[in-house]
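Printed here is input-v7.txt (compact mmCIF, C-alpha atoms):
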# COMPACT_ATOMS: atom_id res chain seq x y z
CA MET M 19 -68.46 -176.57 -167.43
CA ARG M 20 -71.85 -177.28 -165.93
CA ARG M 21 -70.13 -178.43 -162.67
CA CYS M 22 -68.30 -175.10 -162.43
CA CYS M 23 -71.51 -173.14 -162.90
CA LYS M 24 -73.31 -175.15 -160.24
CA ALA M 25 -70.45 -174.63 -157.76
CA LEU M 26 -70.38 -170.89 -158.39
CA ALA M 27 -74.15 -170.62 -157.88
CA LEU M 28 -73.89 -172.54 -154.59
CA LEU M 29 -71.17 -170.21 -153.28
CA LEU M 30 -73.17 -167.13 -154.20
CA SER M 31 -76.29 -168.42 -152.47
CA VAL M 32 -74.34 -169.24 -149.28
CA GLY M 33 -72.75 -165.78 -149.28
CA ILE M 34 -76.12 -164.10 -149.69
CA VAL M 35 -77.64 -166.11 -146.84
CA TRP M 36 -74.65 -165.38 -144.56
CA SER M 37 -74.71 -161.64 -145.25
CA CYS M 38 -78.45 -161.43 -144.71
CA SER M 39 -78.18 -163.25 -141.41
CA ARG M 40 -75.79 -160.60 -139.95
CA ASN M 41 -77.47 -157.97 -137.68
CA PRO M 42 -75.77 -154.56 -137.97
CA GLU M 43 -77.13 -153.48 -134.57
CA THR M 44 -75.70 -156.60 -132.93
CA ASP M 45 -72.30 -155.84 -134.39
CA ARG M 46 -72.40 -152.31 -133.12
CA SER M 47 -73.42 -153.43 -129.61
CA GLU M 48 -70.33 -155.58 -129.44
CA ILE M 49 -68.07 -152.53 -129.78
CA ALA M 50 -66.85 -151.78 -126.26
CA SER M 51 -67.32 -148.15 -125.22
CA PRO M 52 -64.39 -146.56 -123.36
CA VAL M 53 -65.32 -145.44 -119.83
CA SER M 54 -63.71 -144.31 -116.60
CA VAL M 55 -64.88 -145.88 -113.36
CA ALA M 56 -64.43 -145.26 -109.64
CA GLU M 57 -65.05 -147.69 -106.81
CA ILE M 58 -67.69 -146.41 -104.39
CA LYS M 59 -66.37 -146.02 -100.85
CA PRO M 60 -67.82 -144.36 -97.72
CA ALA M 61 -67.63 -140.57 -97.91
CA ALA M 62 -69.02 -137.43 -96.28
CA ILE M 63 -71.02 -134.61 -97.82
CA SER M 64 -72.36 -131.28 -96.62
CA LYS M 65 -75.29 -129.21 -97.80
CA ILE M 66 -74.08 -125.64 -98.04
CA ILE M 67 -75.75 -122.27 -98.53
CA ASN M 68 -73.39 -119.60 -99.85
CA THR M 69 -73.45 -115.97 -98.81
CA SER M 70 -70.99 -113.12 -98.38
CA GLY M 71 -70.50 -109.92 -96.44
CA THR M 72 -68.09 -107.51 -94.79
CA ALA M 73 -66.17 -108.72 -91.75
CA ARG M 74 -66.19 -106.26 -88.86
CA ALA M 75 -64.43 -106.18 -85.50
CA ASN M 76 -66.48 -107.16 -82.47
CA ASN M 77 -64.92 -104.37 -80.40
CA GLU M 78 -63.97 -101.02 -81.87
CA VAL M 79 -63.84 -97.53 -80.48
CA GLU M 80 -62.83 -94.02 -81.49
CA LEU M 81 -61.62 -91.88 -78.58
CA PHE M 82 -61.84 -88.08 -78.48
CA SER M 83 -60.16 -85.48 -76.29
CA ARG M 84 -62.42 -84.65 -73.35
CA MET M 85 -60.39 -81.59 -72.37
CA ALA M 86 -58.04 -79.17 -74.11
CA GLY M 87 -54.34 -79.56 -73.45
CA ASN M 88 -50.82 -80.00 -74.80
CA TYR M 89 -50.45 -83.26 -76.77
CA GLN M 90 -48.13 -85.90 -75.30
CA LEU M 91 -47.98 -89.23 -77.17
CA GLN M 92 -46.79 -91.89 -74.73
CA ARG M 93 -44.26 -94.67 -75.31
CA ASN M 94 -45.31 -98.26 -75.85
CA PRO M 95 -43.74 -100.32 -73.05
CA ALA M 96 -43.55 -103.31 -75.41
CA THR M 97 -41.33 -101.47 -77.93
CA GLY M 98 -39.89 -98.53 -76.03
CA ALA M 99 -40.93 -96.26 -78.91
CA PRO M 100 -43.93 -93.91 -79.18
CA TYR M 101 -47.19 -95.63 -80.02
CA LYS M 102 -47.87 -96.00 -83.74
CA LEU M 103 -50.39 -97.52 -86.14
CA GLY M 104 -50.61 -101.29 -85.80
CA ASP M 105 -49.33 -101.39 -82.21
CA LYS M 106 -51.14 -103.70 -79.84
CA VAL M 107 -52.39 -102.15 -76.61
CA ALA M 108 -53.67 -103.65 -73.38
CA SER M 109 -56.78 -102.60 -71.51
CA GLY M 110 -56.06 -99.62 -69.24
CA GLN M 111 -52.88 -98.48 -70.99
CA THR M 112 -52.49 -94.71 -71.35
CA ILE M 113 -51.78 -93.90 -74.99
CA ILE M 114 -51.92 -90.08 -74.92
CA LYS M 115 -51.75 -87.43 -72.20
CA LEU M 116 -52.97 -83.86 -72.48
CA GLU M 117 -51.17 -81.44 -70.17
CA ASP M 118 -52.61 -78.18 -68.80
CA LYS M 119 -50.93 -76.94 -65.63
CA GLU M 120 -53.55 -74.30 -64.88
CA TYR M 121 -56.31 -76.89 -65.08
CA GLU M 122 -54.34 -79.32 -62.88
CA ASN M 123 -53.61 -76.60 -60.30
CA ASN M 124 -57.28 -75.71 -60.07
CA ILE M 125 -58.09 -79.32 -59.30
CA ALA M 126 -55.48 -79.31 -56.50
CA ILE M 127 -55.48 -83.07 -56.18
CA ASP M 128 -52.80 -83.04 -53.45
CA THR M 129 -54.94 -80.77 -51.28
CA ARG M 130 -57.95 -83.03 -51.73
CA ARG M 131 -55.87 -86.04 -50.73
CA LEU M 132 -54.69 -84.26 -47.57
CA ASN M 133 -58.24 -83.20 -46.70
CA LEU M 134 -59.34 -86.83 -46.99
CA ASP M 135 -56.47 -87.99 -44.76
CA LEU M 136 -57.33 -85.34 -42.13
CA ALA M 137 -61.02 -86.21 -42.22
CA MET M 138 -60.23 -89.90 -41.70
CA GLN M 139 -57.93 -89.11 -38.76
CA GLU M 140 -60.56 -86.86 -37.22
CA GLU M 141 -63.15 -89.63 -37.54
CA ILE M 142 -60.83 -92.04 -35.71
CA SER M 143 -60.23 -89.49 -32.90
CA THR M 144 -63.95 -88.74 -32.56
CA LYS M 145 -64.80 -92.41 -32.19
CA SER M 146 -62.07 -92.79 -29.57
CA LEU M 147 -63.48 -89.87 -27.57
CA TYR M 148 -66.98 -91.29 -27.85
CA ASP M 149 -65.82 -94.48 -26.15
CA LYS M 150 -64.60 -92.30 -23.26
CA GLY M 151 -67.79 -90.25 -23.16
CA GLY M 152 -66.19 -87.08 -24.51
CA VAL M 153 -68.41 -86.62 -27.61
CA THR M 154 -71.93 -87.43 -28.68
CA GLN M 155 -73.33 -89.69 -31.40
CA THR M 156 -74.00 -86.56 -33.45
CA ASP M 157 -70.30 -85.71 -33.41
CA ILE M 158 -69.49 -89.18 -34.80
CA LYS M 159 -72.05 -88.76 -37.60
CA ASN M 160 -70.61 -85.37 -38.51
CA ALA M 161 -67.10 -86.85 -38.64
CA GLU M 162 -68.33 -89.64 -40.92
CA ILE M 163 -70.05 -87.12 -43.21
CA LYS M 164 -66.81 -85.11 -43.43
CA VAL M 165 -64.93 -88.27 -44.54
CA ILE M 166 -67.53 -89.07 -47.17
CA ASN M 167 -67.45 -85.54 -48.58
CA ALA M 168 -63.64 -85.48 -48.62
CA LYS M 169 -63.62 -88.85 -50.37
CA TYR M 170 -66.03 -87.58 -53.05
CA GLU M 171 -63.93 -84.46 -53.53
CA TYR M 172 -60.78 -86.53 -54.00
CA GLU M 173 -62.40 -89.02 -56.38
CA ASN M 174 -63.93 -86.21 -58.46
CA GLY M 175 -60.49 -84.63 -58.69
CA GLU M 176 -59.01 -87.90 -59.96
CA LEU M 177 -61.79 -88.20 -62.52
CA SER M 178 -61.07 -84.69 -63.72
CA LEU M 179 -57.40 -85.56 -64.15
CA ASP M 180 -58.36 -88.78 -65.96
CA ASN M 181 -60.09 -86.58 -68.53
CA MET M 182 -56.59 -85.49 -69.54
CA LYS M 183 -55.64 -89.07 -70.51
CA ILE M 184 -56.57 -91.21 -73.52
CA VAL M 185 -56.75 -94.76 -72.14
CA ALA M 186 -57.43 -98.00 -74.03
CA PRO M 187 -60.81 -99.34 -72.81
CA PHE M 188 -59.94 -102.86 -74.00
CA GLY M 189 -57.03 -104.75 -75.50
CA GLY M 190 -56.69 -104.39 -79.23
CA THR M 191 -54.78 -102.82 -82.12
CA ILE M 192 -54.35 -99.16 -83.03
CA VAL M 193 -56.04 -98.72 -86.43
CA ASN M 194 -56.08 -94.91 -86.57
CA LEU M 195 -53.78 -92.41 -84.90
CA PRO M 196 -54.14 -88.84 -86.22
CA HIS M 197 -50.85 -87.00 -86.25
CA PHE M 198 -50.27 -84.18 -83.74
CA THR M 199 -46.93 -82.58 -83.03
CA GLN M 200 -45.72 -83.18 -79.48
CA ASN M 201 -46.59 -80.37 -77.01
CA THR M 202 -48.96 -78.63 -79.42
CA ARG M 203 -52.36 -77.51 -78.16
CA VAL M 204 -55.23 -79.91 -78.79
CA GLU M 205 -58.78 -78.67 -78.37
CA GLN M 206 -61.62 -80.54 -76.73
CA GLY M 207 -63.47 -82.94 -79.03
CA GLU M 208 -60.53 -83.81 -81.31
CA SER M 209 -60.29 -87.40 -82.59
CA MET M 210 -57.31 -88.94 -80.83
CA ILE M 211 -57.18 -92.65 -81.64
CA SER M 212 -59.19 -95.63 -82.91
CA ILE M 213 -58.69 -99.11 -81.46
CA MET M 214 -60.06 -102.44 -82.68
CA ASP M 215 -60.05 -105.91 -81.20
CA TYR M 216 -60.64 -108.16 -84.21
CA SER M 217 -59.69 -111.52 -82.70
CA LYS M 218 -63.47 -111.96 -82.64
CA MET M 219 -65.39 -110.62 -85.62
CA TYR M 220 -68.88 -110.60 -87.04
CA MET M 221 -70.52 -110.14 -90.40
CA GLU M 222 -74.07 -109.20 -91.29
CA ILE M 223 -75.62 -111.33 -94.02
CA ASN M 224 -78.75 -111.54 -96.17
CA LEU M 225 -80.04 -115.03 -96.91
CA PRO M 226 -82.60 -116.05 -99.54
CA GLU M 227 -86.16 -116.69 -98.41
CA SER M 228 -85.84 -120.31 -99.57
CA ALA M 229 -83.21 -120.94 -96.89
CA ILE M 230 -85.28 -119.86 -93.91
CA SER M 231 -86.18 -123.43 -92.92
CA ASP M 232 -82.60 -124.68 -93.36
CA VAL M 233 -80.51 -122.07 -91.55
CA LYS M 234 -80.50 -122.22 -87.74
CA VAL M 235 -78.68 -120.36 -84.97
CA GLY M 236 -75.60 -122.32 -83.95
CA GLN M 237 -74.83 -123.83 -87.36
CA GLN M 238 -71.20 -123.90 -88.45
CA VAL M 239 -69.94 -121.56 -91.17
CA ALA M 240 -66.75 -121.80 -93.26
CA ILE M 241 -65.20 -118.36 -93.83
CA THR M 242 -62.81 -117.78 -96.75
CA HIS M 243 -61.14 -114.86 -98.50
CA TYR M 244 -59.24 -114.67 -101.77
CA THR M 245 -56.05 -113.68 -99.90
CA MET M 246 -56.04 -117.05 -98.08
CA PRO M 247 -57.14 -119.60 -100.73
CA TYR M 248 -55.83 -122.57 -98.76
CA ASP M 249 -57.14 -121.58 -95.35
CA THR M 250 -60.61 -121.54 -93.85
CA LEU M 251 -61.78 -119.89 -90.65
CA SER M 252 -64.57 -121.11 -88.42
CA GLY M 253 -67.76 -119.15 -87.86
CA THR M 254 -71.18 -119.69 -86.29
CA ILE M 255 -74.65 -118.41 -87.06
CA ALA M 256 -75.18 -116.08 -84.07
CA GLU M 257 -78.45 -114.29 -84.88
CA LEU M 258 -81.30 -114.64 -87.38
CA SER M 259 -84.23 -112.37 -88.15
CA PRO M 260 -87.62 -114.07 -88.57
CA ALA M 261 -88.79 -111.34 -90.95
CA ILE M 262 -88.55 -111.51 -94.76
CA SER M 263 -87.87 -108.31 -96.68
CA THR M 264 -90.71 -107.65 -99.10
CA GLU M 265 -88.29 -105.85 -101.42
CA THR M 266 -85.38 -108.31 -101.62
CA ARG M 267 -87.12 -111.55 -100.46
CA THR M 268 -84.23 -112.13 -98.06
CA PHE M 269 -83.84 -112.26 -94.29
CA LYS M 270 -81.03 -110.87 -92.16
CA GLY M 271 -78.56 -112.74 -90.02
CA LYS M 272 -75.29 -112.30 -88.17
CA ILE M 273 -72.27 -114.62 -88.19
CA SER M 274 -69.66 -114.63 -85.42
CA ILE M 275 -66.11 -115.39 -86.62
CA ASP M 276 -63.20 -116.80 -84.63
CA ASN M 277 -60.24 -114.80 -85.97
CA GLY M 278 -57.63 -115.83 -83.41
CA GLY M 279 -54.83 -115.77 -85.97
CA LEU M 280 -55.90 -112.30 -87.17
CA LYS M 281 -55.96 -113.60 -90.76
CA ILE M 282 -59.06 -111.61 -91.64
CA ARG M 283 -58.78 -107.85 -91.35
CA PRO M 284 -61.65 -105.51 -90.50
CA GLY M 285 -63.47 -104.40 -93.62
CA MET M 286 -62.60 -107.44 -95.75
CA PHE M 287 -65.35 -108.79 -98.00
CA VAL M 288 -65.46 -112.51 -97.23
CA LYS M 289 -67.35 -115.58 -98.42
CA ALA M 290 -69.40 -117.60 -95.93
CA ASP M 291 -70.53 -121.18 -96.55
CA VAL M 292 -73.29 -122.08 -94.10
CA ILE M 293 -73.27 -125.83 -93.40
CA VAL M 294 -76.98 -126.63 -93.01
CA ASP M 295 -76.67 -130.43 -93.19
CA TYR M 296 -73.88 -132.99 -92.95
CA VAL M 297 -73.78 -136.76 -93.52
CA GLU M 298 -70.78 -139.05 -93.21
CA ASN M 299 -70.17 -142.69 -94.14
CA THR M 300 -72.58 -142.44 -97.04
CA ILE M 301 -72.47 -142.94 -100.81
CA VAL M 302 -71.41 -139.79 -102.63
CA VAL M 303 -71.09 -139.56 -106.42
CA PRO M 304 -70.12 -136.74 -108.79
CA LYS M 305 -73.09 -134.88 -110.23
CA SER M 306 -71.53 -135.32 -113.65
CA ALA M 307 -72.01 -139.11 -113.34
CA VAL M 308 -75.78 -138.80 -112.85
CA VAL M 309 -78.13 -138.88 -115.84
CA SER M 310 -81.52 -137.22 -115.41
CA ASN M 311 -84.47 -138.17 -117.58
CA ARG M 312 -87.78 -136.58 -116.66
CA ASN M 313 -88.47 -137.73 -113.09
CA GLU M 314 -85.75 -140.37 -113.11
CA LYS M 315 -82.13 -140.24 -112.09
CA TYR M 316 -79.77 -143.05 -112.91
CA VAL M 317 -76.10 -143.98 -113.19
CA TYR M 318 -74.14 -146.81 -114.70
CA ILE M 319 -71.96 -149.31 -112.90
CA VAL M 320 -69.63 -151.84 -114.47
CA GLU M 321 -69.71 -155.58 -113.87
CA ARG M 322 -67.64 -157.97 -116.04
CA ASN M 323 -67.02 -155.28 -118.66
CA THR M 324 -70.75 -154.62 -118.95
CA ALA M 325 -72.49 -151.34 -118.09
CA LEU M 326 -75.56 -151.83 -115.93
CA ARG M 327 -78.08 -149.03 -115.40
CA ARG M 328 -79.06 -148.29 -111.81
CA ASN M 329 -81.95 -145.97 -110.93
CA ILE M 330 -81.10 -143.96 -107.85
CA ASN M 331 -82.66 -141.77 -105.18
CA THR M 332 -80.62 -138.82 -104.00
CA GLY M 333 -80.21 -136.77 -100.83
CA ILE M 334 -78.19 -133.68 -99.99
CA GLU M 335 -75.80 -132.16 -102.50
CA ASP M 336 -73.00 -129.64 -102.72
CA GLU M 337 -71.55 -127.81 -105.68
CA ASP M 338 -69.97 -130.88 -107.30
CA ASN M 339 -71.34 -134.00 -105.59
CA ILE M 340 -74.61 -135.60 -104.55
CA GLN M 341 -75.57 -138.20 -101.96
CA VAL M 342 -77.17 -141.42 -103.21
CA THR M 343 -79.66 -142.83 -100.69
CA SER M 344 -80.67 -145.93 -102.68
CA GLY M 345 -79.75 -147.76 -105.89
CA LEU M 346 -76.04 -148.23 -105.24
CA LYS M 347 -73.90 -150.07 -102.73
CA MET M 348 -70.37 -149.77 -101.43
CA GLY M 349 -67.86 -151.39 -103.75
CA ASP M 350 -69.81 -150.74 -106.95
CA ASN M 351 -67.69 -149.54 -109.86
CA LEU M 352 -69.35 -146.30 -110.91
CA VAL M 353 -68.98 -144.97 -114.45
CA THR M 354 -67.71 -141.42 -114.08
CA LYS M 355 -66.90 -140.66 -117.72
CA GLY M 356 -68.34 -141.99 -120.95
CA GLN M 357 -71.85 -142.71 -119.64
CA GLU M 358 -73.49 -140.41 -122.22
CA THR M 359 -73.48 -143.07 -124.97
CA LEU M 360 -74.23 -146.10 -122.79
CA ARG M 361 -77.31 -148.28 -122.66
CA ASP M 362 -78.19 -150.98 -120.18
CA ASN M 363 -75.93 -154.03 -120.80
CA SER M 364 -73.57 -152.10 -123.07
CA LYS M 365 -70.10 -153.57 -123.42
CA VAL M 366 -67.44 -151.26 -122.03
CA LYS M 367 -63.70 -150.96 -121.91
CA ILE M 368 -62.32 -149.44 -118.73
CA GLN M 369 -59.82 -146.74 -119.58
CA ASN M 370 -58.77 -145.98 -116.01
CA GLN M 371 -59.78 -146.93 -112.50
CA ILE M 372 -60.16 -143.87 -110.27
CA GLU M 373 -59.61 -144.13 -106.54
CA ASN M 374 -62.68 -142.45 -105.05

Using the file provided, produce a representation of the structure as structure tokens.
Amino acid sequence: MRRCCKALALLLSVGIVWSCSRNPETDRSEIASPVSVAEIKPAAISKIINTSGTARANNEVELFSRMAGNYQLQRNPATGAPYKLGDKVASGQTIIKLEDKEYENNIAIDTRRLNLDLAMQEEISTKSLYDKGGVTQTDIKNAEIKVINAKYEYENGELSLDNMKIVAPFGGTIVNLPHFTQNTRVEQGESMISIMDYSKMYMEINLPESAISDVKVGQQVAITHYTMPYDTLSGTIAELSPAISTETRTFKGKISIDNGGLKIRPGMFVKADVIVDYVENTIVVPKSAVVSNRNEKYVYIVERNTALRRNINTGIEDEDNIQVTSGLKMGDNLVTKGQETLRDNSKVKIQNQIEN
């Protein structure tokens, strides 16, 4: 009986010593935390300043009737039908004619052409006689003056007739064509047509005062619109004002847009991302992987199923990512998820390896 009591006491004392020797914190540190990691590979990153504005055509014009006359909408040689909204026109094409026979008769363009022909023939004859001694130098000068005057008369007549035509001053697209019934009388000063060339566009922007040292003329701009979510057009900073508005604390600028595919239409409100800096073949990590503590920034990498803390210095950043200038190297396995509960030298279990 005494032997049994001694044995029981010995077992109890061993159990107490063993339980007291266990460290709860050590046990907890051995529990591997689940994390996601991504291998760091060379990448590129851009620093972007976002702005927006209304896209406008570089060339646009509204043409008015310079004379009164009967309305004659011309046919588009490309379609064979009368010009209409959306038609493309070439520089110099006559879109509309205004007819007024009385006005045309008063100009008498045929008579002016004949007078010019006669004056030129008379000049030739006078010069021929001068060579033979039949006329004086004064006669030649008078003949030359008559040609000049006849030429002016003829050219002025043509200009007067041109006032009866509505001609495209540049190639573009008809964006407004007020309706007039054929052969009806149109008075002087009526709006006839509006034409735009929007293969090249521009937009006026306002940038925050804080960006004045970053944004420069010539920088590239990415232009997007909600109607083309998977397409981006190229733009360039064309002009910048050096003055800051005291009311809005912004400064003005102008972006030129290459719209060769005519994907952006005049008047669209578009988004512009100004690329103020760009670095390639660098280390880029998600912002969500970076932990900030006071003046420190750090991340975790994984080596042999252990999380190691790495203090980092950062460079340029975009909306989702940030450049790491020191503290990491290519090939490191960066913890991208699960870093919130980690400590230096924590045991981890990799849930998935992300290709970065």

Shell of 12 Å around M:Tyr244, all atoms listed in the file, local chain residues under 5 positions omitted, as a PyMOL selection string: chain M and resi 249-250+281-282+286-289

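The space between atom CA of M:Glu227 and atom CA of M:Thr268 spans 5.0 Å.
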
Sort by chain and increasing residue number a table of all residues of stretch 294-364 of chain M within 10 Å of stretch 57-60 of chain M, each with its closest pair of atoms and their distance in Å to one decimal, counting all atoms listed in the file, and write it as a Markdown table.
| residue | atom | partner | partner_atom | distance |
| --- | --- | --- | --- | --- |
| M:Glu298 | CA | M:Pro60 | CA | 7.6 |
| M:Asn299 | CA | M:Pro60 | CA | 4.6 |
| M:Thr300 | CA | M:Pro60 | CA | 5.2 |
| M:Ile301 | CA | M:Pro60 | CA | 5.8 |
| M:Val302 | CA | M:Pro60 | CA | 7.6 |
| M:Val303 | CA | M:Ile58 | CA | 7.9 |
| M:Ile319 | CA | M:Glu57 | CA | 9.4 |
| M:Val320 | CA | M:Glu57 | CA | 9.8 |
| M:Leu346 | CA | M:Ile58 | CA | 8.6 |
| M:Lys347 | CA | M:Ile58 | CA | 7.4 |
| M:Met348 | CA | M:Ile58 | CA | 5.2 |
| M:Gly349 | CA | M:Ile58 | CA | 5.0 |
| M:Asp350 | CA | M:Ile58 | CA | 5.5 |
| M:Asn351 | CA | M:Glu57 | CA | 4.4 |
| M:Leu352 | CA | M:Glu57 | CA | 6.1 |
| M:Val353 | CA | M:Glu57 | CA | 9.0 |
| M:Thr354 | CA | M:Glu57 | CA | 10.0 |

Given all atoms listed in the file as the counted atoms, nearest of M:Met219, M:Ile340, M:Ala96, M:Ala126 to M:Ala73: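 The closest residue to M:Ala73 is M:Met219.
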
Per residue of stretch 127-198 of chain M within 9 Å of stretch 75-87 of chain M, record the nearest atom pair and its distance in Å to one decimal, counting only C-alpha atoms, with rows in chain order and ascending residue number, as CSV.
residue,atom,partner,partner_atom,distance
M:Asn181,CA,M:Arg84,CA,5.7
M:Met182,CA,M:Met85,CA,6.1
M:Lys183,CA,M:Ser83,CA,8.2
M:Ile184,CA,M:Leu81,CA,7.2
M:Val185,CA,M:Leu81,CA,8.6
M:Ala186,CA,M:Leu81,CA,8.7
M:Pro187,CA,M:Val79,CA,8.4
M:Phe188,CA,M:Asn77,CA,8.2
M:Gly190,CA,M:Asn77,CA,8.3
M:Asn194,CA,M:Glu80,CA,8.5

Sphere at (-59.6, -113.4, -80.2), radius 6 Å, counting only C-alpha atoms: residues as an MDAnalysis selection string: chainID M and resid 217:218 277:278

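You can rank M:Arg328, M:Ile192, M:Leu177, M:Arg130 by their closest distance to M:Asn94 using all atoms listed in the file, and at the top of that list sits M:Ile192.
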
Using all atoms listed in the file, list the residues that have an atom at most 6 Å from (-57.0, -105.7, -79.2), coordinates as in the file, as a PDB file with C-alpha atoms, keeping the file's coordinate frame.
ATOM      1  CA  GLY M 189     -57.030-104.750 -75.500  1.00  0.00           C
ATOM      2  CA  GLY M 190     -56.690-104.390 -79.230  1.00  0.00           C
ATOM      3  CA  THR M 191     -54.780-102.820 -82.120  1.00  0.00           C
ATOM      4  CA  MET M 214     -60.060-102.440 -82.680  1.00  0.00           C
ATOM      5  CA  ASP M 215     -60.050-105.910 -81.200  1.00  0.00           C
TER       6      ASP M 215
END

Residue among M:Leu179, M:Leu147, M:Val366, M:Ala99 lying closest to M:Arg322, counting only C-alpha atoms: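 Among the listed residues, M:Val366 lies closest to M:Arg322.
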
Shell of 7 Å around stretch 270-274 of chain M, only C-alpha atoms, local chain residues under 3 positions omitted, as a PyMOL selection string: chain M and resi 219-225+253-259

Let me have the centre and edge lengths in Å, one decimal, of the box along x, y and z around every listed atom of stretch 231-236 of chain M with 5 Å of margin on each side, as AutoDock Vina command-line options.
--center_x -80.9 --center_y -122.5 --center_z -88.7 --size_x 20.6 --size_y 14.3 --size_z 19.4

For the interface of stretch 217-321 of chain M with stretch 358-364 of chain M (cut-off 12 Å, counting all atoms listed in the file), please tabulate each contacting residue of stretch 217-321 of chain M alongside its nearest pair of atoms and their separation in Å to one decimal, rows sorted by chain and increasing number, as JSON lines.
{"residue": "M:Ser306", "atom": "CA", "partner": "M:Glu358", "partner_atom": "CA", "distance": 10.2}
{"residue": "M:Ala307", "atom": "CA", "partner": "M:Glu358", "partner_atom": "CA", "distance": 9.1}
{"residue": "M:Val308", "atom": "CA", "partner": "M:Glu358", "partner_atom": "CA", "distance": 9.8}
{"residue": "M:Val309", "atom": "CA", "partner": "M:Glu358", "partner_atom": "CA", "distance": 8.0}
{"residue": "M:Ser310", "atom": "CA", "partner": "M:Glu358", "partner_atom": "CA", "distance": 11.0}
{"residue": "M:Tyr316", "atom": "CA", "partner": "M:Asp362", "partner_atom": "CA", "distance": 10.9}
{"residue": "M:Val317", "atom": "CA", "partner": "M:Leu360", "partner_atom": "CA", "distance": 10.0}
{"residue": "M:Tyr318", "atom": "CA", "partner": "M:Asp362", "partner_atom": "CA", "distance": 8.0}
{"residue": "M:Ile319", "atom": "CA", "partner": "M:Asp362", "partner_atom": "CA", "distance": 9.7}
{"residue": "M:Val320", "atom": "CA", "partner": "M:Asn363", "partner_atom": "CA", "distance": 9.2}
{"residue": "M:Glu321", "atom": "CA", "partner": "M:Asn363", "partner_atom": "CA", "distance": 9.4}

Top pick for closest residue to M:Lys65, considering M:Ile330, M:Val294, M:Ala325, M:Leu132 and counting all atoms listed in the file: M:Val294

Non-local contacts of M:Glu173 (12 Å; all atoms listed in the file; under 3 positions in same chain excluded) as a list in words: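 Result of the neighbour search: Ile125, Ala126, Ile127, Asp128, Arg130, Arg131, Leu134, Ile166, Asn167, Ala168, Lys169, Tyr170, Glu176, Leu177, Ser178, Leu179 and Asp180 of chain M.
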
Residue among M:Lys315, M:Lys305, M:Arg93, M:Lys115 lying closest to M:Asn201, counting all atoms listed in the file: M:Lys115
